[in-house]
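Have a look at protein-v9.csv below; it lists CSV, C-alpha atoms.
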chain,number,residue,atom,x,y,z
A,1,MET,CA,17.7,4.3,67.7
A,2,GLN,CA,18.0,4.9,64.0
A,3,HIS,CA,21.3,4.7,62.2
A,4,THR,CA,22.1,7.7,60.1
A,5,PHE,CA,24.7,8.5,57.5
A,6,LEU,CA,25.3,12.1,56.3
A,7,GLY,CA,22.0,13.1,58.0
A,8,PHE,CA,19.8,10.4,56.3
A,9,SER,CA,18.5,7.2,57.7
A,10,ILE,CA,18.8,3.9,56.0
A,11,ASN,CA,15.2,4.1,54.8
A,12,GLU,CA,15.8,7.5,53.3
A,13,TRP,CA,19.0,6.3,51.5
A,14,VAL,CA,17.0,3.4,50.0
A,15,GLY,CA,14.3,5.8,48.9
A,16,LEU,CA,16.9,8.1,47.3
A,17,LEU,CA,18.6,5.2,45.6
A,18,GLY,CA,15.3,4.1,44.1
A,19,ILE,CA,14.5,7.6,42.9
A,20,PHE,CA,18.0,8.0,41.3
A,21,THR,CA,17.7,4.5,39.7
A,22,ALA,CA,14.3,5.4,38.2
A,23,ILE,CA,15.6,8.7,36.8
A,24,ILE,CA,18.8,7.1,35.4
A,25,THR,CA,16.7,4.3,33.8
A,26,GLY,CA,14.3,6.8,32.3
A,27,VAL,CA,17.0,8.9,30.8
A,28,GLY,CA,18.8,5.8,29.6
A,29,GLN,CA,15.6,4.6,27.8
A,30,ILE,CA,15.0,8.0,26.2
A,31,PHE,CA,18.7,8.1,25.1
A,32,ASN,CA,18.6,4.5,23.8
A,33,ARG,CA,15.4,5.0,21.8
A,34,THR,CA,16.7,8.3,20.3
A,35,LEU,CA,20.0,6.6,19.4
A,36,ASN,CA,18.3,3.6,17.9
A,37,ARG,CA,16.1,5.8,15.7
A,38,ALA,CA,19.1,7.8,14.5
A,39,LEU,CA,21.0,4.6,13.8
A,40,ASP,CA,18.1,3.1,11.9
A,41,LYS,CA,18.0,6.1,9.6
A,42,THR,CA,21.7,6.1,9.0
A,43,MET,CA,22.0,2.3,8.8
A,44,GLN,CA,19.1,1.9,6.4
A,45,PRO,CA,21.2,2.4,3.2
A,46,LEU,CA,23.8,0.0,4.6
A,47,ARG,CA,21.1,-2.6,5.2
A,48,TYR,CA,19.8,-2.2,1.6
A,49,ALA,CA,23.4,-2.5,0.3
A,50,ILE,CA,23.9,-5.7,2.3
A,51,ASP,CA,20.6,-7.2,1.0
A,52,ASN,CA,21.5,-6.2,-2.5
A,53,LEU,CA,25.0,-7.7,-2.2
A,54,SER,CA,23.5,-11.0,-0.8
A,55,LYS,CA,21.1,-11.2,-3.7
A,56,THR,CA,24.0,-10.6,-6.2
A,57,ILE,CA,26.1,-13.2,-4.5
A,58,GLU,CA,23.2,-15.7,-4.7
A,59,ALA,CA,22.7,-14.9,-8.4
A,60,LEU,CA,26.5,-15.4,-9.1
A,61,LYS,CA,26.4,-18.8,-7.3
A,62,HIS,CA,23.5,-19.8,-9.5
A,63,ASP,CA,25.2,-18.6,-12.7
A,64,ASN,CA,28.4,-20.4,-11.6
A,65,SER,CA,26.6,-23.7,-11.0
A,66,ALA,CA,24.9,-23.4,-14.4
A,67,GLN,CA,28.3,-22.7,-16.1
A,68,GLN,CA,29.9,-25.7,-14.3
A,69,VAL,CA,27.2,-28.0,-15.7
A,70,GLU,CA,27.7,-26.5,-19.2
A,71,VAL,CA,31.5,-27.0,-18.9
A,72,ARG,CA,31.0,-30.6,-17.9
A,73,ASN,CA,28.7,-31.2,-20.8
A,74,LEU,CA,31.2,-29.5,-23.2
A,75,GLY,CA,34.0,-31.6,-21.8
A,76,LYS,CA,32.0,-34.8,-22.5
A,77,SER,CA,31.2,-33.6,-26.0
A,78,PHE,CA,34.9,-32.7,-26.6
A,79,GLU,CA,36.0,-36.2,-25.5
A,80,SER,CA,33.5,-37.6,-27.9
A,81,HIS,CA,34.8,-35.5,-30.7
A,82,LEU,CA,38.4,-36.5,-29.8
A,83,ILE,CA,37.4,-40.2,-30.1
A,84,ASP,CA,35.7,-39.5,-33.4
A,85,SER,CA,38.7,-37.6,-34.8
A,86,GLN,CA,41.0,-40.5,-33.7
A,87,GLU,CA,38.9,-42.9,-35.5
A,88,ILE,CA,38.9,-40.7,-38.7
A,89,LYS,CA,42.7,-40.3,-38.4
A,90,THR,CA,43.1,-44.1,-38.2
A,91,LYS,CA,40.8,-44.5,-41.2
A,92,VAL,CA,42.8,-41.9,-43.2
A,93,ILE,CA,46.1,-43.6,-42.3
A,94,ASN,CA,44.8,-47.0,-43.4
A,95,LEU,CA,43.4,-45.5,-46.6
A,96,GLU,CA,46.8,-43.8,-47.4
A,97,LYS,CA,48.5,-47.2,-46.8
A,98,GLU,CA,46.1,-48.8,-49.1
A,99,VAL,CA,46.6,-46.2,-51.8
A,100,PHE,CA,50.4,-46.3,-51.5
A,101,ARG,CA,50.3,-50.1,-51.5
A,102,ARG,CA,48.4,-50.1,-54.8
A,103,GLY,CA,50.9,-47.7,-56.3
A,104,GLY,CA,48.7,-44.6,-56.2
A,105,HIS,CA,47.0,-45.3,-59.5
A,106,ASN,CA,43.3,-45.1,-60.1
A,107,ASP,CA,42.0,-48.2,-61.7

Would you mind writing the structure in this file as structure tokens?
Amino acid sequence: MQHTFLGFSINEWVGLLGIFTAIITGVGQIFNRTLNRALDKTMQPLRYAIDNLSKTIEALKHDNSAQQVEVRNLGKSFESHLIDSQEIKTKVINLEKEVFRRGGHND
């Protein structure tokens, strides 16, 4: 005795399920490929923009690093000039004291 449901046996139901699964899978694959191609065409400018932005950011990082090195070097140079100017100021003050101590006359 075979079991039936809605006039179909279990073997027929399994066969129908396999056929529907194959049809749905095929339609899904076609839809997926079509959608992917359409997305590739519309997303291509966005991909180029993202690549361009990434390259720009890398260039900015490189420039920023170079500028930081330059600022550090300028800072060291500035400190050196400040020390030199302090020495010159001290020499001028000592020279003024010497001139005023002598009375400001050229001998």

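Here CA of Asp51 (chain A) is placed at a distance of 17.4 Å from CA of Leu39 (chain A).
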
- Separation of CA of Leu16 (chain A) and CA of His3 (chain A), in Å? 15.9 Å

- What separation in Å, quoted to one decimal, exists between CA of Asn32 (chain A) and CA of Tyr48 (chain A)?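 Computed distance, CA of Asn32 (chain A) to CA of Tyr48 (chain A), equals 23.2 Å.
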